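Right, one structure below, let's go through it.
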Amino acid sequence: MWMWILIGLNIITKANGYVNRVPDTSCESMAVVHRADNFIFHPQTNKSPFEVDYKHGKEGEPITVFLRRKQSTTFRGFMLEAREKDKDNNLPVGRFILLDTNSAQLMTCNDLPNSAVTHRNNQEKTLVQVNWTADGAELSIFFRTTFVESFDVFWENVDVNVTLPLYTTSTTAGTTEPSTTTSTTKPSTTAGTTEPSTTTSTTKPSTTAGTTEPSTTTSTTKPSTTAGTTEPNIMTTLCCTTTSFIPSRKIKYNQTCNLCKAAGISLNAFNNFLDQVKMVIHNIATVTLSNSPACQCLNKVTKILCCLLCAVAEISALVLFCVDDAGNVTVALVSVVTVIDLIELVIVCLPIGPSNELNGIFDLILKVCTVICEIFTSKEIHLIIISIV
(Lines give C-alpha, C1' and ligand atoms only; values in the text may rest on other atoms or scores of the structure.)
Protein backbone atom coordinates (compact mmCIF):
# COMPACT_ATOMS: atom_id res chain seq x y z
CA MET A 1 0.00 0.00 0.00
CA TRP A 2 2.81 2.43 0.85
CA MET A 3 4.38 1.63 -2.46
CA TRP A 4 1.26 2.78 -4.33
CA ILE A 5 1.14 5.97 -2.27
CA LEU A 6 4.76 6.74 -3.19
CA ILE A 7 4.05 6.03 -6.86
CA GLY A 8 1.04 8.39 -6.77
CA LEU A 9 3.07 11.16 -5.12
CA ASN A 10 5.81 10.67 -7.71
CA ILE A 11 3.27 11.09 -10.55
CA ILE A 12 1.82 14.25 -8.94
CA THR A 13 5.32 15.71 -8.52
CA LYS A 14 6.20 15.04 -12.15
CA ALA A 15 2.93 16.46 -13.39
CA ASN A 16 3.20 19.68 -11.40
CA GLY A 17 6.96 20.18 -11.23
CA TYR A 18 7.09 22.99 -13.80
CA VAL A 19 3.57 24.37 -13.91
CA ASN A 20 4.88 27.91 -13.46
CA ARG A 21 7.85 27.93 -15.88
CA VAL A 22 10.15 25.89 -18.12
CA PRO A 23 13.43 24.61 -16.64
CA ASP A 24 16.62 26.37 -17.75
CA THR A 25 17.96 23.11 -19.12
CA SER A 26 15.46 23.40 -21.98
CA CYS A 27 17.00 26.62 -23.37
CA GLU A 28 18.81 24.99 -26.28
CA SER A 29 16.49 22.10 -27.18
CA MET A 30 13.21 23.77 -26.15
CA ALA A 31 12.00 20.22 -25.63
CA VAL A 32 9.23 19.13 -23.26
CA VAL A 33 10.27 16.33 -20.89
CA HIS A 34 7.10 14.85 -19.40
CA ARG A 35 7.15 11.31 -18.05
CA ALA A 36 4.94 9.08 -15.93
CA ASP A 37 5.80 5.60 -14.63
CA ASN A 38 9.07 5.75 -16.62
CA PHE A 39 7.08 6.47 -19.78
CA ILE A 40 8.25 9.53 -21.71
CA PHE A 41 5.65 11.43 -23.69
CA HIS A 42 6.68 12.50 -27.19
CA PRO A 43 5.61 15.64 -29.10
CA GLN A 44 2.70 15.51 -31.49
CA THR A 45 3.51 14.93 -35.17
CA ASN A 46 0.36 16.48 -36.65
CA LYS A 47 0.01 20.18 -37.47
CA SER A 48 -0.11 22.40 -34.43
CA PRO A 49 -3.48 24.03 -33.63
CA PHE A 50 -1.47 27.01 -32.37
CA GLU A 51 0.67 29.48 -34.28
CA VAL A 52 3.34 32.10 -33.76
CA ASP A 53 3.04 35.32 -35.76
CA TYR A 54 4.57 38.78 -35.67
CA LYS A 55 4.05 42.38 -36.71
CA HIS A 56 6.70 44.97 -37.55
CA GLY A 57 6.48 48.36 -35.85
CA LYS A 58 7.77 51.63 -37.20
CA GLU A 59 11.45 52.03 -38.00
CA GLY A 60 13.45 51.65 -34.81
CA GLU A 61 10.54 50.08 -32.86
CA PRO A 62 10.49 46.43 -31.65
CA ILE A 63 8.64 43.54 -33.30
CA THR A 64 5.40 42.39 -31.64
CA VAL A 65 5.14 38.58 -31.43
CA PHE A 66 1.78 36.79 -31.12
CA LEU A 67 1.25 33.28 -29.69
CA ARG A 68 -2.35 32.28 -30.35
CA ARG A 69 -4.69 29.47 -31.18
CA LYS A 70 -6.01 28.72 -34.66
CA GLN A 71 -8.93 26.62 -33.43
CA SER A 72 -10.99 26.40 -30.28
CA THR A 73 -8.20 24.60 -28.41
CA THR A 74 -6.34 26.45 -25.64
CA PHE A 75 -2.74 26.04 -24.50
CA ARG A 76 -1.39 26.08 -20.95
CA GLY A 77 2.38 26.32 -21.38
CA PHE A 78 4.80 27.67 -23.97
CA MET A 79 8.39 28.67 -24.64
CA LEU A 80 9.50 31.27 -27.21
CA GLU A 81 12.96 32.14 -28.58
CA ALA A 82 14.40 34.06 -31.53
CA ARG A 83 17.21 32.36 -33.42
CA GLU A 84 19.41 33.26 -36.36
CA LYS A 85 18.81 31.60 -39.71
CA ASP A 86 21.44 29.29 -41.27
CA LYS A 87 23.08 28.66 -37.89
CA ASP A 88 23.02 25.37 -35.99
CA ASN A 89 24.26 26.60 -32.60
CA ASN A 90 20.70 26.70 -31.13
CA LEU A 91 21.52 29.95 -29.31
CA PRO A 92 18.81 32.59 -28.78
CA VAL A 93 19.42 36.14 -29.97
CA GLY A 94 17.90 39.52 -29.16
CA ARG A 95 15.86 40.53 -26.16
CA PHE A 96 12.17 40.13 -25.27
CA ILE A 97 9.98 42.72 -23.55
CA LEU A 98 6.87 41.61 -21.65
CA LEU A 99 3.50 43.19 -22.43
CA ASP A 100 1.50 41.10 -19.93
CA THR A 101 3.22 39.92 -16.75
CA ASN A 102 0.22 37.82 -15.64
CA SER A 103 0.66 35.07 -18.23
CA ALA A 104 4.35 35.26 -19.22
CA GLN A 105 7.81 35.66 -17.67
CA LEU A 106 11.32 36.20 -19.03
CA MET A 107 14.19 33.71 -18.97
CA THR A 108 17.97 33.95 -19.09
CA CYS A 109 19.44 31.47 -21.55
CA ASN A 110 23.19 31.10 -22.24
CA ASP A 111 23.88 34.06 -19.93
CA LEU A 112 21.71 36.33 -22.11
CA PRO A 113 19.06 38.08 -19.97
CA ASN A 114 15.52 38.18 -21.36
CA SER A 115 16.50 36.01 -24.33
CA ALA A 116 13.47 33.67 -23.94
CA VAL A 117 9.87 33.79 -22.74
CA THR A 118 7.86 31.10 -20.97
CA HIS A 119 4.52 30.75 -19.18
CA ARG A 120 3.95 32.00 -15.64
CA ASN A 121 1.12 29.60 -14.76
CA ASN A 122 -0.72 26.61 -16.20
CA GLN A 123 -4.01 28.40 -16.81
CA GLU A 124 -5.70 28.13 -20.21
CA LYS A 125 -4.48 30.72 -22.72
CA THR A 126 -5.71 31.83 -26.14
CA LEU A 127 -3.32 34.71 -26.90
CA VAL A 128 0.04 35.90 -25.56
CA GLN A 129 1.81 39.03 -26.86
CA VAL A 130 5.44 40.07 -26.30
CA ASN A 131 7.88 42.45 -27.97
CA TRP A 132 11.27 41.46 -29.36
CA THR A 133 14.19 43.72 -30.28
CA ALA A 134 17.63 43.12 -31.72
CA ASP A 135 18.96 46.29 -29.99
CA GLY A 136 20.07 47.83 -33.28
CA ALA A 137 21.75 44.72 -34.75
CA GLU A 138 20.76 43.58 -38.25
CA LEU A 139 19.84 39.91 -37.86
CA SER A 140 18.08 37.43 -40.11
CA ILE A 141 15.97 35.48 -37.62
CA PHE A 142 13.04 33.17 -37.09
CA PHE A 143 10.85 32.65 -34.01
CA ARG A 144 10.67 29.14 -32.55
CA THR A 145 7.91 28.14 -30.15
CA THR A 146 6.90 25.14 -28.06
CA PHE A 147 3.18 24.85 -27.17
CA VAL A 148 1.81 22.64 -24.36
CA GLU A 149 -1.89 21.84 -24.45
CA SER A 150 -1.83 19.30 -21.61
CA PHE A 151 0.64 17.11 -19.77
CA ASP A 152 0.81 14.54 -22.58
CA VAL A 153 -0.13 16.70 -25.61
CA PHE A 154 2.38 19.27 -26.86
CA TRP A 155 4.04 20.53 -30.05
CA GLU A 156 7.67 21.49 -30.56
CA ASN A 157 9.50 23.53 -33.25
CA VAL A 158 6.55 25.70 -34.30
CA ASP A 159 8.49 28.27 -36.34
CA VAL A 160 7.89 31.40 -38.39
CA ASN A 161 10.50 33.18 -40.53
CA VAL A 162 10.82 36.94 -40.08
CA THR A 163 11.08 39.05 -43.23
CA LEU A 164 12.86 42.37 -43.02
CA PRO A 165 10.61 45.46 -43.14
CA LEU A 166 10.65 47.83 -46.12
CA TYR A 167 11.87 51.23 -44.92
CA THR A 168 12.90 53.44 -47.87
CA THR A 169 13.83 57.12 -48.04
CA SER A 170 15.41 59.23 -50.77
CA THR A 171 17.75 62.21 -50.09
CA THR A 172 18.31 64.73 -52.89
CA ALA A 173 20.09 68.10 -53.26
CA GLY A 174 17.48 70.84 -53.42
CA THR A 175 13.97 69.45 -53.46
CA THR A 176 13.49 66.14 -51.64
CA GLU A 177 10.86 63.72 -52.88
CA PRO A 178 10.20 60.14 -51.76
CA SER A 179 11.54 57.29 -53.81
CA THR A 180 9.38 54.41 -54.94
CA THR A 181 10.75 50.98 -54.05
CA THR A 182 9.34 47.80 -55.50
CA SER A 183 10.08 44.52 -53.80
CA THR A 184 9.77 41.28 -55.75
CA THR A 185 9.48 37.85 -54.19
CA LYS A 186 9.43 35.92 -57.47
CA PRO A 187 12.52 33.90 -58.49
CA SER A 188 15.32 36.18 -59.66
CA THR A 189 17.51 35.22 -62.64
CA THR A 190 21.23 36.14 -62.64
CA ALA A 191 24.10 35.25 -64.92
CA GLY A 192 25.60 31.97 -63.75
CA THR A 193 23.43 30.84 -60.85
CA THR A 194 19.68 31.18 -60.49
CA GLU A 195 18.33 31.24 -56.96
CA PRO A 196 14.83 32.05 -55.74
CA SER A 197 14.27 35.15 -53.66
CA THR A 198 12.31 34.49 -50.50
CA THR A 199 13.13 37.51 -48.34
CA THR A 200 12.95 41.23 -49.01
CA SER A 201 15.88 43.22 -47.62
CA THR A 202 15.93 46.85 -46.49
CA THR A 203 16.87 49.26 -49.27
CA LYS A 204 19.35 52.01 -48.33
CA PRO A 205 18.50 55.64 -49.17
CA SER A 206 19.45 56.72 -52.67
CA THR A 207 21.28 60.09 -53.06
CA THR A 208 21.15 62.01 -56.36
CA ALA A 209 22.08 65.58 -57.29
CA GLY A 210 19.93 67.74 -59.53
CA THR A 211 16.59 66.52 -60.70
CA THR A 212 15.11 63.78 -58.58
CA GLU A 213 13.29 60.91 -60.25
CA PRO A 214 11.60 57.92 -58.56
CA SER A 215 14.16 55.18 -57.98
CA THR A 216 13.18 51.55 -58.42
CA THR A 217 15.05 48.97 -56.34
CA THR A 218 14.59 45.21 -56.37
CA SER A 219 16.32 43.20 -53.65
CA THR A 220 17.26 39.53 -53.90
CA THR A 221 18.41 37.29 -51.05
CA LYS A 222 19.12 33.62 -50.77
CA PRO A 223 16.51 31.30 -49.22
CA SER A 224 17.04 30.16 -45.67
CA THR A 225 16.65 26.60 -44.44
CA THR A 226 15.12 26.12 -40.98
CA ALA A 227 13.67 23.15 -39.18
CA GLY A 228 9.97 23.12 -38.47
CA THR A 229 6.92 24.43 -40.25
CA THR A 230 6.95 27.88 -41.88
CA GLU A 231 3.60 29.57 -42.33
CA PRO A 232 2.70 32.73 -44.29
CA ASN A 233 2.79 35.99 -42.33
CA ILE A 234 -0.39 37.89 -43.12
CA MET A 235 0.17 40.75 -40.65
CA THR A 236 3.59 41.64 -42.12
CA THR A 237 2.12 41.70 -45.63
CA LEU A 238 -0.57 44.12 -44.53
CA CYS A 239 2.01 46.31 -42.79
CA CYS A 240 4.24 46.54 -45.87
CA THR A 241 1.23 47.21 -48.09
CA THR A 242 0.15 50.11 -45.90
CA THR A 243 3.68 51.57 -45.88
CA SER A 244 3.86 51.57 -49.69
CA PHE A 245 1.09 54.20 -49.88
CA ILE A 246 3.06 56.80 -47.90
CA PRO A 247 5.33 58.02 -50.76
CA SER A 248 2.33 58.71 -53.03
CA ARG A 249 0.77 60.94 -50.35
CA LYS A 250 4.03 62.88 -50.06
CA ILE A 251 4.16 63.35 -53.83
CA LYS A 252 0.61 64.77 -53.82
CA TYR A 253 1.57 67.10 -50.98
CA ASN A 254 4.62 68.37 -52.92
CA GLN A 255 2.46 68.93 -56.00
CA THR A 256 0.01 70.97 -53.92
CA CYS A 257 2.89 73.06 -52.54
CA ASN A 258 4.17 73.74 -56.05
CA LEU A 259 0.68 74.86 -57.11
CA CYS A 260 0.57 77.30 -54.18
CA LYS A 261 3.95 78.69 -55.14
CA ALA A 262 2.92 79.05 -58.79
CA ALA A 263 -0.25 80.89 -57.74
CA GLY A 264 1.81 83.19 -55.52
CA ILE A 265 4.20 83.96 -58.40
CA SER A 266 1.24 84.79 -60.65
CA LEU A 267 -0.15 87.19 -58.04
CA ASN A 268 3.25 88.84 -57.62
CA ALA A 269 3.60 89.23 -61.38
CA PHE A 270 0.13 90.78 -61.52
CA ASN A 271 1.10 93.13 -58.70
CA ASN A 272 4.27 94.09 -60.59
CA PHE A 273 2.15 94.88 -63.65
CA LEU A 274 -0.18 97.07 -61.59
CA ASP A 275 2.83 98.94 -60.20
CA GLN A 276 3.89 99.72 -63.76
CA VAL A 277 0.37 100.93 -64.53
CA LYS A 278 0.42 103.20 -61.48
CA MET A 279 3.72 104.71 -62.64
CA VAL A 280 2.29 105.86 -65.96
CA ILE A 281 -1.25 106.77 -64.88
CA HIS A 282 -0.18 110.24 -63.81
CA ASN A 283 1.68 110.89 -67.09
CA ILE A 284 -1.23 109.56 -69.16
CA ALA A 285 -3.68 111.79 -67.29
CA THR A 286 -1.43 114.83 -67.72
CA VAL A 287 -0.75 114.36 -71.43
CA THR A 288 -4.00 112.97 -72.81
CA LEU A 289 -6.63 114.36 -70.43
CA SER A 290 -7.58 117.87 -69.41
CA ASN A 291 -7.73 119.23 -65.87
CA SER A 292 -11.50 119.08 -65.73
CA PRO A 293 -13.12 117.68 -62.55
CA ALA A 294 -14.36 114.62 -64.48
CA CYS A 295 -10.83 113.78 -65.70
CA GLN A 296 -9.36 114.30 -62.26
CA CYS A 297 -12.05 112.08 -60.76
CA LEU A 298 -11.33 109.35 -63.35
CA ASN A 299 -7.61 109.59 -62.59
CA LYS A 300 -8.19 109.25 -58.84
CA VAL A 301 -10.61 106.33 -59.24
CA THR A 302 -8.09 104.54 -61.47
CA LYS A 303 -5.33 104.98 -58.90
CA ILE A 304 -7.57 103.77 -56.08
CA LEU A 305 -8.57 100.70 -58.11
CA CYS A 306 -4.94 99.84 -58.92
CA CYS A 307 -3.85 100.25 -55.30
CA LEU A 308 -6.78 98.15 -54.09
CA LEU A 309 -6.00 95.36 -56.56
CA CYS A 310 -2.31 95.44 -55.54
CA ALA A 311 -3.24 95.12 -51.85
CA VAL A 312 -5.64 92.23 -52.55
CA ALA A 313 -3.04 90.44 -54.70
CA GLU A 314 -0.29 90.77 -52.08
CA ILE A 315 -2.55 89.66 -49.22
CA SER A 316 -3.59 86.59 -51.25
CA ALA A 317 0.06 85.82 -52.07
CA LEU A 318 0.97 86.18 -48.38
CA VAL A 319 -1.72 83.67 -47.39
CA LEU A 320 -0.55 81.18 -50.04
CA PHE A 321 3.10 81.43 -49.01
CA CYS A 322 2.22 81.06 -45.32
CA VAL A 323 0.21 77.90 -46.08
CA ASP A 324 2.99 76.56 -48.31
CA ASP A 325 5.72 77.43 -45.76
CA ALA A 326 7.77 79.10 -48.48
CA GLY A 327 10.43 80.40 -46.09
CA ASN A 328 10.91 83.27 -43.66
CA VAL A 329 12.63 85.54 -46.21
CA THR A 330 9.86 85.21 -48.81
CA VAL A 331 7.09 85.74 -46.25
CA ALA A 332 8.90 88.81 -44.87
CA LEU A 333 9.26 90.34 -48.35
CA VAL A 334 5.59 89.75 -49.14
CA SER A 335 4.59 91.27 -45.78
CA VAL A 336 6.62 94.43 -46.48
CA VAL A 337 5.11 94.82 -49.95
CA THR A 338 1.63 94.30 -48.50
CA VAL A 339 2.19 97.07 -45.93
CA ILE A 340 3.49 99.43 -48.65
CA ASP A 341 0.44 98.70 -50.84
CA LEU A 342 -1.87 99.48 -47.93
CA ILE A 343 -0.01 102.77 -47.33
CA GLU A 344 -0.41 103.66 -51.00
CA LEU A 345 -4.12 102.88 -50.81
CA VAL A 346 -4.54 105.17 -47.79
CA ILE A 347 -2.65 108.03 -49.48
CA VAL A 348 -4.62 107.73 -52.73
CA CYS A 349 -7.92 107.77 -50.83
CA LEU A 350 -7.08 111.02 -49.02
CA PRO A 351 -9.30 113.96 -50.16
CA ILE A 352 -6.48 116.07 -51.64
CA GLY A 353 -7.24 118.23 -54.67
CA PRO A 354 -4.85 118.94 -57.56
CA SER A 355 -4.12 122.47 -56.28
CA ASN A 356 -3.25 121.37 -52.76
CA GLU A 357 0.36 121.91 -51.68
CA LEU A 358 0.64 118.32 -50.41
CA ASN A 359 -0.39 116.86 -53.78
CA GLY A 360 3.16 116.93 -55.15
CA ILE A 361 4.63 115.43 -51.97
CA PHE A 362 2.11 112.61 -51.96
CA ASP A 363 2.75 111.90 -55.65
CA LEU A 364 6.46 111.60 -54.89
CA ILE A 365 5.74 109.26 -51.97
CA LEU A 366 3.54 107.10 -54.22
CA LYS A 367 6.28 106.87 -56.86
CA VAL A 368 8.88 105.85 -54.21
CA CYS A 369 6.52 103.23 -52.76
CA THR A 370 5.84 101.87 -56.26
CA VAL A 371 9.57 101.52 -57.00
CA ILE A 372 10.16 99.73 -53.67
CA CYS A 373 7.26 97.37 -54.38
CA GLU A 374 8.70 96.52 -57.81
CA ILE A 375 12.12 95.71 -56.34
CA PHE A 376 10.72 93.57 -53.52
CA THR A 377 8.26 91.79 -55.83
CA SER A 378 11.01 90.91 -58.31
CA LYS A 379 13.10 89.52 -55.42
CA GLU A 380 10.14 87.44 -54.22
CA ILE A 381 9.59 85.90 -57.64
CA HIS A 382 13.31 85.11 -57.93
CA LEU A 383 13.45 83.35 -54.55
CA ILE A 384 10.30 81.31 -55.15
CA ILE A 385 11.44 80.15 -58.60
CA ILE A 386 14.76 79.01 -57.08
CA SER A 387 12.92 77.05 -54.36
CA ILE A 388 10.78 75.28 -56.95
CA VAL A 389 13.66 74.41 -59.27
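Letters A, B, ... mark the chains of the C-alpha coordinates in the order given; residue numbers begin at 1 per chain; ligand numbers begin at 1, in order shown.
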
Find the spatial neighbours of A:Val65, counting only C-alpha atoms, within a cut-off of 6 Å - ignore same-chain residues fewer than 3 positions away - and output them as a list in words.
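So, after excluding close chain neighbours, the residues are Asp53, Tyr54, Gln129, Val130 and Asn131 of chain A.
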
Mind pulling up the distance from atom CA of A:Leu80 to atom CA of A:Arg120?
12.9 Å

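If you look at atom CA of A:Glu138 and atom CA of A:His56, they are 14.2 Å away from each other.
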
Separation of atom CA of A:Val128 and atom CA of A:Arg69, in Å?
9.8 Å

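Between A:Ser140 and the residues A:Thr108, A:His119, A:Pro113, A:Asp86, the shortest atom-to-atom distance, using only C-alpha atoms, involves A:Asp86.
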